[in-house]
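Source file: structure.txt (compact mmCIF, C-alpha atoms)
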```
# COMPACT_ATOMS: atom_id res chain seq x y z
CA MET A 996 112.55 -37.23 -30.75
CA ALA A 997 111.28 -40.66 -31.70
CA ARG A 998 107.92 -40.79 -33.43
CA ILE A 999 105.34 -43.37 -34.46
CA THR A 1000 105.15 -43.36 -38.24
CA ALA A 1001 102.74 -46.21 -38.98
CA GLY A 1002 101.01 -49.25 -37.58
CA LEU A 1003 99.74 -52.51 -38.93
CA THR A 1004 97.70 -55.46 -37.83
CA THR A 1005 97.95 -58.99 -39.06
CA SER A 1006 97.01 -62.54 -38.19
CA HIS A 1007 99.90 -64.80 -37.18
CA VAL A 1008 98.72 -68.30 -38.12
CA PRO A 1009 101.56 -70.83 -37.62
CA ALA A 1010 100.76 -72.64 -40.89
CA ILE A 1011 101.62 -69.42 -42.75
CA GLY A 1012 105.13 -69.67 -41.33
CA MET A 1013 105.35 -73.30 -42.39
CA ALA A 1014 104.21 -72.36 -45.92
CA VAL A 1015 107.06 -69.81 -46.07
CA ASP A 1016 109.62 -72.19 -44.61
CA LEU A 1017 108.65 -75.09 -46.89
CA GLY A 1018 108.45 -72.96 -50.06
CA LYS A 1019 104.69 -73.42 -50.51
CA THR A 1020 103.72 -69.76 -50.94
CA GLU A 1021 102.82 -70.20 -54.64
CA GLU A 1022 100.59 -73.23 -54.06
CA PRO A 1023 96.91 -72.59 -54.87
CA TYR A 1024 95.87 -72.80 -51.20
CA TRP A 1025 98.44 -70.25 -50.05
CA GLN A 1026 98.88 -67.96 -53.06
CA PRO A 1027 95.87 -65.73 -52.21
CA VAL A 1028 97.15 -65.23 -48.65
CA PHE A 1029 100.56 -64.01 -49.74
CA ALA A 1030 99.11 -61.98 -52.61
CA GLY A 1031 97.18 -60.02 -49.99
CA TYR A 1032 100.47 -58.91 -48.43
CA GLU A 1033 102.20 -57.95 -51.68
CA TRP A 1034 101.29 -54.26 -51.30
CA THR A 1035 102.60 -54.34 -47.74
CA ARG A 1036 105.90 -55.96 -48.72
CA GLN A 1037 106.55 -53.19 -51.28
CA TRP A 1038 105.59 -50.51 -48.78
CA ALA A 1039 107.71 -52.08 -46.02
CA GLN A 1040 110.75 -52.50 -48.22
CA ALA A 1041 110.63 -48.89 -49.36
CA ASP A 1042 110.92 -47.41 -45.89
CA PRO A 1043 111.51 -49.81 -42.99
CA PRO A 1044 111.25 -48.17 -39.57
CA ASP A 1045 114.12 -48.18 -37.11
CA VAL A 1046 112.10 -50.15 -34.57
CA VAL A 1047 108.87 -52.13 -34.49
CA VAL A 1048 107.04 -52.59 -31.19
CA LEU A 1049 105.50 -55.95 -32.05
CA VAL A 1050 102.45 -56.90 -29.98
CA TYR A 1051 101.82 -60.64 -30.08
CA ASN A 1052 101.01 -63.59 -27.90
CA ASP A 1053 103.10 -66.59 -27.03
CA HIS A 1054 101.41 -69.97 -27.59
CA ALA A 1055 102.81 -72.19 -24.83
CA SER A 1056 106.29 -71.76 -26.32
CA ALA A 1057 108.46 -69.45 -24.21
CA PHE A 1058 105.81 -69.16 -21.48
CA ASP A 1059 104.30 -72.19 -19.75
CA LEU A 1060 101.84 -72.15 -16.86
CA ARG A 1061 104.39 -71.41 -14.13
CA MET A 1062 104.12 -67.68 -14.80
CA ILE A 1063 101.44 -65.88 -16.80
CA PRO A 1064 102.32 -62.21 -17.29
CA THR A 1065 99.53 -60.11 -18.78
CA PHE A 1066 101.96 -57.74 -20.53
CA ALA A 1067 105.63 -58.71 -20.97
CA LEU A 1068 108.10 -56.36 -22.69
CA GLY A 1069 111.21 -57.76 -24.36
CA CYS A 1070 114.18 -55.70 -23.18
CA ALA A 1071 117.00 -57.91 -24.49
CA ALA A 1072 119.47 -57.16 -27.29
CA SER A 1073 118.23 -60.13 -29.31
CA PHE A 1074 115.51 -62.77 -29.33
CA ASP A 1075 115.94 -66.27 -30.74
CA PRO A 1076 113.13 -68.03 -32.63
CA CYS A 1077 111.58 -70.65 -30.34
CA ASP A 1078 111.74 -74.36 -30.83
CA GLU A 1079 107.97 -74.98 -30.76
CA GLY A 1080 108.44 -78.73 -30.72
CA TYR A 1081 109.49 -79.26 -34.32
CA GLY A 1082 112.72 -77.20 -34.38
CA PRO A 1083 113.02 -73.40 -34.54
CA ARG A 1084 111.80 -71.66 -37.70
CA PRO A 1085 114.72 -71.02 -40.10
CA VAL A 1086 114.39 -67.26 -39.81
CA PRO A 1087 116.91 -64.62 -38.70
CA VAL A 1088 117.48 -63.83 -35.04
CA VAL A 1089 115.29 -60.89 -34.02
CA GLU A 1090 117.41 -57.91 -32.97
CA GLY A 1091 116.03 -55.85 -30.11
CA HIS A 1092 116.44 -52.20 -29.21
CA PRO A 1093 117.43 -52.33 -25.52
CA GLU A 1094 117.72 -48.54 -25.13
CA LEU A 1095 114.22 -47.79 -26.37
CA ALA A 1096 112.89 -50.85 -24.51
CA ALA A 1097 114.39 -49.60 -21.25
CA HIS A 1098 112.86 -46.18 -21.88
CA LEU A 1099 109.47 -47.73 -22.63
CA ALA A 1100 109.67 -49.94 -19.52
CA GLN A 1101 110.43 -47.04 -17.21
CA SER A 1102 107.95 -44.66 -18.85
CA LEU A 1103 105.10 -47.16 -18.97
CA ILE A 1104 105.50 -48.37 -15.39
CA LEU A 1105 105.56 -44.78 -14.12
CA ASP A 1106 102.50 -44.22 -16.32
CA GLU A 1107 100.83 -46.99 -14.22
CA PHE A 1108 101.17 -49.92 -16.63
CA ASP A 1109 102.77 -52.60 -14.46
CA LEU A 1110 104.69 -54.53 -17.09
CA THR A 1111 106.71 -57.71 -16.71
CA LEU A 1112 110.19 -57.12 -18.13
CA MET A 1113 111.93 -59.89 -20.06
CA ASN A 1114 115.73 -59.84 -20.26
CA GLU A 1115 115.64 -63.22 -21.99
CA LEU A 1116 112.86 -64.23 -24.36
CA ASP A 1117 112.55 -66.68 -27.23
CA VAL A 1118 109.87 -65.63 -29.71
CA ASP A 1119 107.41 -68.01 -31.36
CA HIS A 1120 105.33 -67.89 -34.55
CA GLY A 1121 103.15 -65.16 -33.02
CA LEU A 1122 106.05 -62.76 -33.63
CA THR A 1123 107.98 -64.37 -36.50
CA VAL A 1124 105.02 -65.04 -38.84
CA PRO A 1125 104.16 -61.31 -39.07
CA MET A 1126 107.86 -60.58 -39.77
CA SER A 1127 107.81 -63.12 -42.62
CA LEU A 1128 104.57 -61.75 -44.05
CA VAL A 1129 105.85 -58.17 -44.09
CA TYR A 1130 109.56 -58.69 -44.87
CA GLY A 1131 109.67 -62.03 -46.70
CA SER A 1132 112.76 -64.18 -46.20
CA PRO A 1133 115.79 -61.86 -45.88
CA GLU A 1134 119.23 -62.80 -44.52
CA ALA A 1135 118.65 -60.40 -41.64
CA TRP A 1136 115.50 -58.55 -40.60
CA PRO A 1137 115.61 -54.91 -41.80
CA THR A 1138 114.32 -53.48 -38.53
CA LYS A 1139 114.83 -53.87 -34.82
CA VAL A 1140 111.97 -55.27 -32.77
CA ILE A 1141 110.72 -54.78 -29.23
CA PRO A 1142 108.39 -57.71 -28.46
CA LEU A 1143 105.35 -57.01 -26.32
CA ALA A 1144 103.80 -60.34 -25.32
CA VAL A 1145 100.18 -60.24 -24.15
CA ASN A 1146 98.43 -63.08 -22.35
CA VAL A 1147 95.41 -64.05 -24.44
CA VAL A 1148 95.71 -67.80 -23.78
CA GLN A 1149 94.43 -67.99 -20.22
CA TYR A 1150 91.15 -66.18 -19.53
CA PRO A 1151 90.88 -63.32 -18.84
CA PRO A 1152 93.16 -61.44 -21.19
CA PRO A 1153 93.42 -57.70 -20.62
CA THR A 1154 90.31 -55.74 -21.60
CA GLY A 1155 90.08 -53.91 -24.89
CA HIS A 1156 90.03 -50.65 -22.98
CA ARG A 1157 93.25 -51.54 -21.16
CA CYS A 1158 94.90 -52.41 -24.47
CA LEU A 1159 93.84 -49.14 -26.12
CA SER A 1160 95.10 -47.22 -23.08
CA LEU A 1161 98.43 -49.04 -23.17
CA GLY A 1162 98.80 -48.13 -26.84
CA ARG A 1163 98.24 -44.48 -26.01
CA ALA A 1164 100.82 -44.72 -23.23
CA ILE A 1165 103.29 -46.26 -25.69
CA ALA A 1166 102.77 -43.25 -27.95
CA ARG A 1167 103.55 -40.89 -25.03
CA ALA A 1168 106.64 -42.90 -24.12
CA VAL A 1169 107.96 -43.02 -27.68
CA ALA A 1170 107.46 -39.26 -28.03
CA SER A 1171 109.73 -38.64 -25.04
CA PHE A 1172 112.65 -40.74 -26.34
CA PRO A 1173 115.39 -38.29 -27.35
CA GLU A 1174 116.79 -40.11 -30.36
CA ALA A 1175 115.14 -39.44 -33.77
CA LEU A 1176 113.81 -42.94 -34.39
CA SER A 1177 111.02 -44.02 -36.69
CA VAL A 1178 108.85 -46.47 -34.76
CA GLN A 1179 105.98 -48.66 -35.93
CA VAL A 1180 103.57 -50.57 -33.70
CA TRP A 1181 102.13 -53.86 -34.94
CA GLY A 1182 99.13 -55.60 -33.42
CA THR A 1183 98.88 -59.27 -34.33
CA GLY A 1184 96.59 -62.27 -33.92
CA GLY A 1185 93.01 -62.93 -34.92
CA MET A 1186 90.75 -62.58 -36.69
CA SER A 1187 87.83 -64.93 -36.01
CA HIS A 1188 88.90 -68.49 -35.24
CA GLN A 1189 88.27 -71.29 -32.80
CA ILE A 1190 90.60 -74.27 -32.60
CA GLN A 1191 88.95 -76.32 -29.89
CA GLY A 1192 85.72 -78.12 -29.11
CA ALA A 1193 82.64 -78.97 -31.16
CA ARG A 1194 82.35 -75.34 -32.34
CA ALA A 1195 85.86 -75.38 -33.90
CA GLY A 1196 86.16 -73.75 -37.30
CA LEU A 1197 83.96 -70.76 -36.48
CA ILE A 1198 84.47 -67.79 -38.80
CA ASN A 1199 82.52 -64.51 -38.69
CA PRO A 1200 83.41 -62.27 -41.67
CA GLU A 1201 80.69 -59.69 -40.93
CA TRP A 1202 81.90 -59.16 -37.37
CA ASP A 1203 85.54 -59.05 -38.50
CA ALA A 1204 84.78 -56.38 -41.13
CA ALA A 1205 82.89 -54.26 -38.60
CA PHE A 1206 85.80 -54.63 -36.16
CA MET A 1207 88.25 -53.32 -38.76
CA ASP A 1208 85.98 -50.37 -39.58
CA GLY A 1209 85.47 -49.56 -35.91
CA LEU A 1210 89.14 -49.90 -35.06
CA ILE A 1211 89.92 -47.22 -37.63
CA ALA A 1212 87.00 -44.84 -37.06
CA ASP A 1213 85.99 -45.23 -33.42
CA PRO A 1214 88.50 -47.17 -31.33
CA ASP A 1215 86.93 -45.99 -28.06
CA ALA A 1216 83.71 -47.77 -29.02
CA VAL A 1217 85.61 -50.93 -30.03
CA ALA A 1218 87.49 -50.83 -26.72
CA LYS A 1219 84.15 -51.28 -24.93
CA ILE A 1220 83.46 -54.65 -26.58
CA PRO A 1221 83.35 -57.14 -23.70
CA HIS A 1222 85.29 -60.41 -23.79
CA ILE A 1223 82.09 -62.44 -23.99
CA GLU A 1224 81.23 -60.83 -27.34
CA TYR A 1225 84.61 -61.79 -28.83
CA LEU A 1226 84.11 -65.33 -27.54
CA ARG A 1227 80.55 -65.74 -28.82
CA GLU A 1228 81.00 -63.95 -32.16
CA THR A 1229 84.58 -64.69 -33.19
CA GLY A 1230 85.48 -67.98 -31.51
CA SER A 1231 87.50 -68.71 -28.43
CA GLU A 1232 90.75 -67.65 -30.10
CA GLY A 1233 89.26 -64.56 -31.78
CA ILE A 1234 89.82 -62.79 -28.47
CA GLU A 1235 93.41 -62.26 -29.66
CA MET A 1236 92.02 -59.20 -31.45
CA VAL A 1237 92.24 -57.16 -28.24
CA MET A 1238 95.93 -56.85 -29.16
CA TRP A 1239 95.01 -54.83 -32.26
CA LEU A 1240 93.79 -52.09 -29.92
CA ILE A 1241 97.32 -51.56 -28.58
CA MET A 1242 98.44 -50.70 -32.10
CA ARG A 1243 95.44 -48.43 -32.58
CA GLY A 1244 96.02 -46.55 -29.34
CA ALA A 1245 99.62 -45.91 -30.33
CA LEU A 1246 98.59 -44.27 -33.62
CA GLY A 1247 96.64 -41.47 -31.97
CA GLY A 1248 93.41 -39.69 -32.87
CA SER A 1249 92.64 -40.17 -36.53
CA VAL A 1250 94.33 -42.50 -38.95
CA GLU A 1251 94.53 -43.08 -42.66
CA GLU A 1252 93.91 -46.58 -44.03
CA LEU A 1253 96.65 -47.49 -46.51
CA HIS A 1254 95.83 -51.15 -47.09
CA ARG A 1255 93.30 -53.77 -46.06
CA PHE A 1256 93.15 -57.51 -46.70
CA TYR A 1257 90.85 -60.29 -45.52
CA HIS A 1258 90.89 -63.94 -46.50
CA VAL A 1259 89.36 -67.21 -45.30
CA PRO A 1260 90.91 -69.59 -44.50
CA ALA A 1261 94.50 -70.04 -43.42
CA SER A 1262 94.30 -73.36 -41.60
CA ASN A 1263 91.47 -72.67 -39.08
CA THR A 1264 91.62 -68.89 -39.20
CA ALA A 1265 90.29 -65.78 -40.92
CA VAL A 1266 93.33 -63.75 -41.98
CA GLY A 1267 92.92 -60.02 -41.45
CA HIS A 1268 95.44 -57.30 -42.21
CA LEU A 1269 95.48 -53.50 -42.02
CA VAL A 1270 98.18 -50.92 -42.66
CA LEU A 1271 97.48 -47.53 -41.05
CA GLN A 1272 99.31 -44.28 -40.56
CA PRO A 1273 98.54 -41.30 -38.36
CA ALA A 1274 96.48 -38.74 -40.25
CA PRO A 1275 98.55 -35.70 -41.21
CA MET B 1423 83.28 -65.49 -6.39
CA VAL B 1424 83.51 -64.66 -10.09
CA ASP B 1425 80.50 -65.56 -12.22
CA ASN B 1426 81.54 -67.57 -15.27
CA SER B 1427 78.03 -68.63 -16.27
CA ALA B 1428 78.20 -66.62 -19.52
CA LEU B 1429 81.47 -68.35 -20.48
CA ASP B 1430 79.88 -71.73 -19.84
CA ASP B 1431 76.89 -70.76 -22.00
CA ILE B 1432 78.88 -70.96 -25.27
CA PRO B 1433 78.16 -74.33 -26.88
CA GLY B 1434 81.05 -76.56 -27.95
CA THR B 1435 83.57 -74.26 -26.27
CA THR B 1436 85.74 -74.66 -23.17
CA VAL B 1437 87.10 -71.30 -22.02
CA PHE B 1438 90.51 -71.75 -20.35
CA THR B 1439 89.83 -69.96 -17.09
CA VAL B 1440 92.13 -69.51 -14.10
CA GLU B 1441 90.26 -72.34 -12.38
CA ARG B 1442 90.63 -74.73 -15.34
CA SER B 1443 94.30 -73.74 -15.60
CA ARG B 1444 94.81 -74.77 -11.98
CA MET B 1445 93.00 -78.08 -12.53
CA GLY B 1446 95.01 -78.82 -15.67
CA TYR B 1447 98.37 -77.57 -14.43
CA HIS B 1448 100.28 -80.86 -14.50
CA LEU B 1449 98.52 -82.05 -17.68
CA ASN B 1450 99.62 -78.87 -19.45
CA GLN B 1451 103.13 -78.92 -17.99
CA PHE B 1452 103.47 -82.56 -19.12
CA CYS B 1453 102.57 -81.29 -22.61
CA MET B 1454 105.31 -78.65 -22.38
CA SER B 1455 107.86 -81.39 -21.61
CA LEU B 1456 107.21 -82.79 -25.12
CA MET B 1457 108.91 -79.74 -26.61
CA LYS B 1458 112.19 -81.62 -26.02
CA ALA B 1459 113.04 -84.47 -28.40
CA PRO B 1460 114.42 -86.88 -25.76
CA ASN B 1461 111.17 -86.53 -23.80
CA ARG B 1462 109.10 -87.15 -26.93
CA ASP B 1463 111.11 -90.33 -27.55
CA ARG B 1464 110.60 -91.58 -24.00
CA PHE B 1465 106.88 -90.72 -24.11
CA HIS B 1466 106.30 -92.59 -27.37
CA ALA B 1467 108.36 -95.58 -26.21
CA ASP B 1468 106.12 -96.10 -23.14
CA GLU B 1469 103.31 -93.56 -22.73
CA ARG B 1470 101.99 -94.97 -19.46
CA ALA B 1471 105.42 -95.01 -17.80
CA TYR B 1472 106.13 -91.44 -18.92
CA LEU B 1473 102.74 -90.19 -17.73
CA ASP B 1474 103.24 -91.88 -14.37
CA GLU B 1475 106.17 -89.51 -13.76
CA TRP B 1476 103.62 -86.65 -13.56
CA PRO B 1477 101.20 -85.93 -10.70
CA MET B 1478 98.22 -86.03 -13.06
CA SER B 1479 94.84 -87.60 -12.34
CA GLU B 1480 94.12 -91.04 -13.73
CA ASP B 1481 91.41 -89.50 -15.92
CA GLN B 1482 93.89 -87.04 -17.37
CA LYS B 1483 96.42 -89.78 -18.12
CA GLN B 1484 93.77 -91.96 -19.78
CA ALA B 1485 92.52 -89.04 -21.89
CA VAL B 1486 96.09 -88.51 -23.15
CA ILE B 1487 96.51 -92.21 -23.98
CA ASP B 1488 93.13 -92.18 -25.76
CA ARG B 1489 94.05 -88.92 -27.59
CA ASP B 1490 90.61 -87.68 -26.48
CA PHE B 1491 91.24 -83.96 -26.88
CA GLN B 1492 87.77 -82.87 -25.80
CA ARG B 1493 88.17 -84.88 -22.59
CA MET B 1494 91.58 -83.26 -22.05
CA LEU B 1495 89.93 -79.82 -22.41
CA ASP B 1496 87.28 -80.86 -19.88
CA LEU B 1497 90.05 -81.86 -17.46
CA GLY B 1498 91.88 -78.53 -17.66
CA GLY B 1499 93.94 -78.88 -20.82
CA ASN B 1500 94.47 -75.94 -23.15
CA VAL B 1501 94.75 -76.49 -26.88
CA TYR B 1502 98.07 -74.68 -27.26
CA PHE B 1503 99.55 -77.05 -24.71
CA LEU B 1504 97.74 -80.10 -26.13
CA SER B 1505 99.24 -79.20 -29.51
CA LYS B 1506 102.55 -80.56 -28.20
CA ILE B 1507 100.94 -84.01 -28.01
CA PHE B 1508 99.43 -83.99 -31.48
CA ALA B 1509 102.50 -82.34 -33.02
CA SER B 1510 104.59 -85.18 -31.58
CA ASP B 1511 102.14 -87.58 -33.26
CA GLY B 1512 102.74 -85.78 -36.56
CA LEU B 1513 99.27 -84.18 -36.71
CA SER B 1514 98.46 -80.62 -37.77
CA TYR B 1515 96.04 -78.35 -35.93
CA VAL B 1516 93.37 -79.01 -38.58
CA GLN B 1517 93.78 -82.77 -38.21
CA ALA B 1518 93.65 -82.70 -34.40
CA VAL B 1519 91.00 -80.00 -34.05
CA SER B 1520 88.62 -81.74 -36.46
CA THR B 1521 88.46 -84.74 -34.10
CA MET B 1522 86.54 -82.54 -31.64
CA THR B 1523 83.86 -81.71 -34.21
CA GLU B 1524 81.09 -83.61 -35.97
CA TYR B 1525 83.22 -83.81 -39.12
CA SER B 1526 85.96 -86.02 -40.55
CA VAL B 1527 89.26 -84.28 -41.34
CA GLU B 1528 88.30 -84.02 -45.02
CA GLU B 1529 84.85 -82.64 -44.24
CA TYR B 1530 86.33 -80.14 -41.76
CA GLN B 1531 88.90 -78.92 -44.30
CA ALA B 1532 86.13 -78.56 -46.89
CA MET B 1533 84.07 -76.52 -44.41
CA MET B 1534 87.04 -74.18 -43.81
CA VAL B 1535 87.74 -73.71 -47.52
CA ALA B 1536 84.03 -72.94 -48.00
CA GLY B 1537 84.29 -70.11 -45.45
CA GLY B 1538 84.22 -71.86 -42.07
CA ARG B 1539 81.49 -72.52 -39.55
CA SER B 1540 78.82 -69.83 -39.29
CA PRO B 1541 78.32 -68.45 -35.78
CA ASP B 1542 74.55 -68.69 -36.35
CA GLY B 1543 73.15 -71.22 -33.91
CA TRP B 1544 76.42 -71.40 -31.97
CA ARG B 1545 76.47 -68.16 -29.97
CA SER B 1546 74.74 -69.53 -26.88
CA LYS B 1547 73.19 -72.71 -25.63
CA SER B 1548 69.71 -71.22 -26.05
CA GLU B 1549 70.48 -70.25 -29.65
CA ARG B 1550 71.81 -73.81 -30.20
CA SER B 1551 68.67 -75.48 -28.92
CA SER B 1552 66.19 -73.18 -30.66
```
Rewrite the structure from the file as structure tokens, please.
Amino acid sequence: MARITAGLTTSHVPAIGMAVDLGKTEEPYWQPVFAGYEWTRQWAQADPPDVVVLVYNDHASAFDLRMIPTFALGCAASFDPCDEGYGPRPVPVVEGHPELAAHLAQSLILDEFDLTLMNELDVDHGLTVPMSLVYGSPEAWPTKVIPLAVNVVQYPPPTGHRCLSLGRAIARAVASFPEALSVQVWGTGGMSHQIQGARAGLINPEWDAAFMDGLIADPDAVAKIPHIEYLRETGSEGIEMVMWLIMRGALGGSVEELHRFYHVPASNTAVGHLVLQPAP
Amino acid sequence: MVDNSALDDIPGTTVFTVERSRMGYHLNQFCMSLMKAPNRDRFHADERAYLDEWPMSEDQKQAVIDRDFQRMLDLGGNVYFLSKIFASDGLSYVQAVSTMTEYSVEEYQAMMVAGGRSPDGWRSKSERSS
């Protein structure tokens, strides 16, 4: 049987990808950001999972306004990095896991999560920046990836409760896949940031720290946080953090915190990062 | 009818609702067209002529020509879509976003390096005015 072995959360700021691609990771501005992922890179290299279910959002790259799926699951055999208007990132093609994706699609829809299924999907920095942060710049990514794109661009995104419930359904679906796969779930985006309007640049480290603590210790309470609180307290783009709850739901009841990192700023954003594993 | 009064109570913030998305549909789809290099070239060669190919309002077209990003937000634009305009101008998010604030680019960058903008005084319009 497949099983979920760990989960992580991380911001996916596009400028982090540019710093990797342009060789700027040792510059004084960026060095602290990448230093905060050094533990994770060692951990990830030691034991990469067979598959990562990578929860992210597209930023007007593969999805425009013609169709706005709330949850879209990538079922293809591979996913190309998007051209976001300045050429695709020079990173490896992302290999999918169509068999597990098909199993997840069928299981989740019958479990009453009405997903959109993507048989073609280009992936933007929301997915590739986390891969770069965790795996560096290899010739090929060491793990297969099933993208799960969540609409957090057009209001309303799914509720925190819906995201936590979807994570728990992913755990049930993974557990019923017959092959012995090691699966991780990553929740990306956040933390506090606002990139529009006169209030741009908002950062709320106290709220972010409490969110991390709550996500670990009491995800059901965190799932009750209404959208308006994310908007007021963490900026209009801080609402991406609902995606972290999908990861948390997938990890089950209690979890062990292996690593935590928080840094301000990367571009306009508070970078937050957790590595968790199900408690034994 | 949904009640979005709480969303509209956040100062200096334009929440991209379903209604704003409908209003800004052609503005945002025009932005998506700039993902392709030949379109970027045609747009920069004659912005007015390129914009006239889109069923956008005159106000929306003028806001694009003026690079008035706050006005574009007011007219239904979303920043991830508008980023295609400023990226084609060679501007970063920090450079473009700072134009919507009270700060110059340098001042905005300094604010971010110093820890960003505190939410205090910015959570609601009543908190802003008190």
Counting only C-alpha atoms, the residue among A:Gly1080, A:Gly1267, A:Asp1106, A:Leu1143 that lies closest to B:Ser1510 is A:Gly1080
Next on the checklist: Residues of chain A within 7 Å of chain B, counting only C-alpha atoms - could you list those as a list in words?
Outcome noted: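 Contact residues on the first chain: His1054, Ala1055, Leu1060, Glu1079, Gly1080, Gln1149, Tyr1150, Pro1151, Ile1190, Gln1191, Gly1192, Ala1193, Arg1194, Ala1195, Gly1196, Leu1197, Ile1198, Asn1199, Ile1223, Arg1227, Glu1228, Ser1231, Val1259, Pro1260, Ser1262 and Asn1263 of chain A.
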Pull C-alpha atoms from the residues just selected and write them as a JSON list (two decimals), in the coordinates of the input.
```
[["chain", "number", "residue", "atom", "x", "y", "z"],
["A", 1054, "HIS", "CA", 101.41, -69.97, -27.59],
["A", 1055, "ALA", "CA", 102.81, -72.19, -24.83],
["A", 1060, "LEU", "CA", 101.84, -72.15, -16.86],
["A", 1079, "GLU", "CA", 107.97, -74.98, -30.76],
["A", 1080, "GLY", "CA", 108.44, -78.73, -30.72],
["A", 1149, "GLN", "CA", 94.43, -67.99, -20.22],
["A", 1150, "TYR", "CA", 91.15, -66.18, -19.53],
["A", 1151, "PRO", "CA", 90.88, -63.32, -18.84],
["A", 1190, "ILE", "CA", 90.60, -74.27, -32.60],
["A", 1191, "GLN", "CA", 88.95, -76.32, -29.89],
["A", 1192, "GLY", "CA", 85.72, -78.12, -29.11],
["A", 1193, "ALA", "CA", 82.64, -78.97, -31.16],
["A", 1194, "ARG", "CA", 82.35, -75.34, -32.34],
["A", 1195, "ALA", "CA", 85.86, -75.38, -33.90],
["A", 1196, "GLY", "CA", 86.16, -73.75, -37.30],
["A", 1197, "LEU", "CA", 83.96, -70.76, -36.48],
["A", 1198, "ILE", "CA", 84.47, -67.79, -38.80],
["A", 1199, "ASN", "CA", 82.52, -64.51, -38.69],
["A", 1223, "ILE", "CA", 82.09, -62.44, -23.99],
["A", 1227, "ARG", "CA", 80.55, -65.74, -28.82],
["A", 1228, "GLU", "CA", 81.00, -63.95, -32.16],
["A", 1231, "SER", "CA", 87.50, -68.71, -28.43],
["A", 1259, "VAL", "CA", 89.36, -67.21, -45.30],
["A", 1260, "PRO", "CA", 90.91, -69.59, -44.50],
["A", 1262, "SER", "CA", 94.30, -73.36, -41.60],
["A", 1263, "ASN", "CA", 91.47, -72.67, -39.08]]
```
Record the distance separating atom CA of A:Gly1121 and atom CA of A:Ala1170, expressed in Å with one decimal.
->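 So the answer is 26.7 Å.
For the atom pair formed by atom CA of A:Ala1010 and atom CA of A:Val1046, the distance is 26.0 Å, given to one decimal.
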Open item on the list: Can you measure atom CA of A:Ile1141 to atom CA of A:Val1047 for me? One decimal in Å is fine.
Closed with: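 Result for atom CA of A:Ile1141 versus atom CA of A:Val1047: 6.2 Å, one decimal.
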Ranking A:His1120, A:Arg1061, A:Arg1157, A:His1092 by minimum distance to A:Pro1076 and counting only C-alpha atoms, which one comes first?
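Ranked by minimum distance to A:Pro1076, first place goes to A:His1120.
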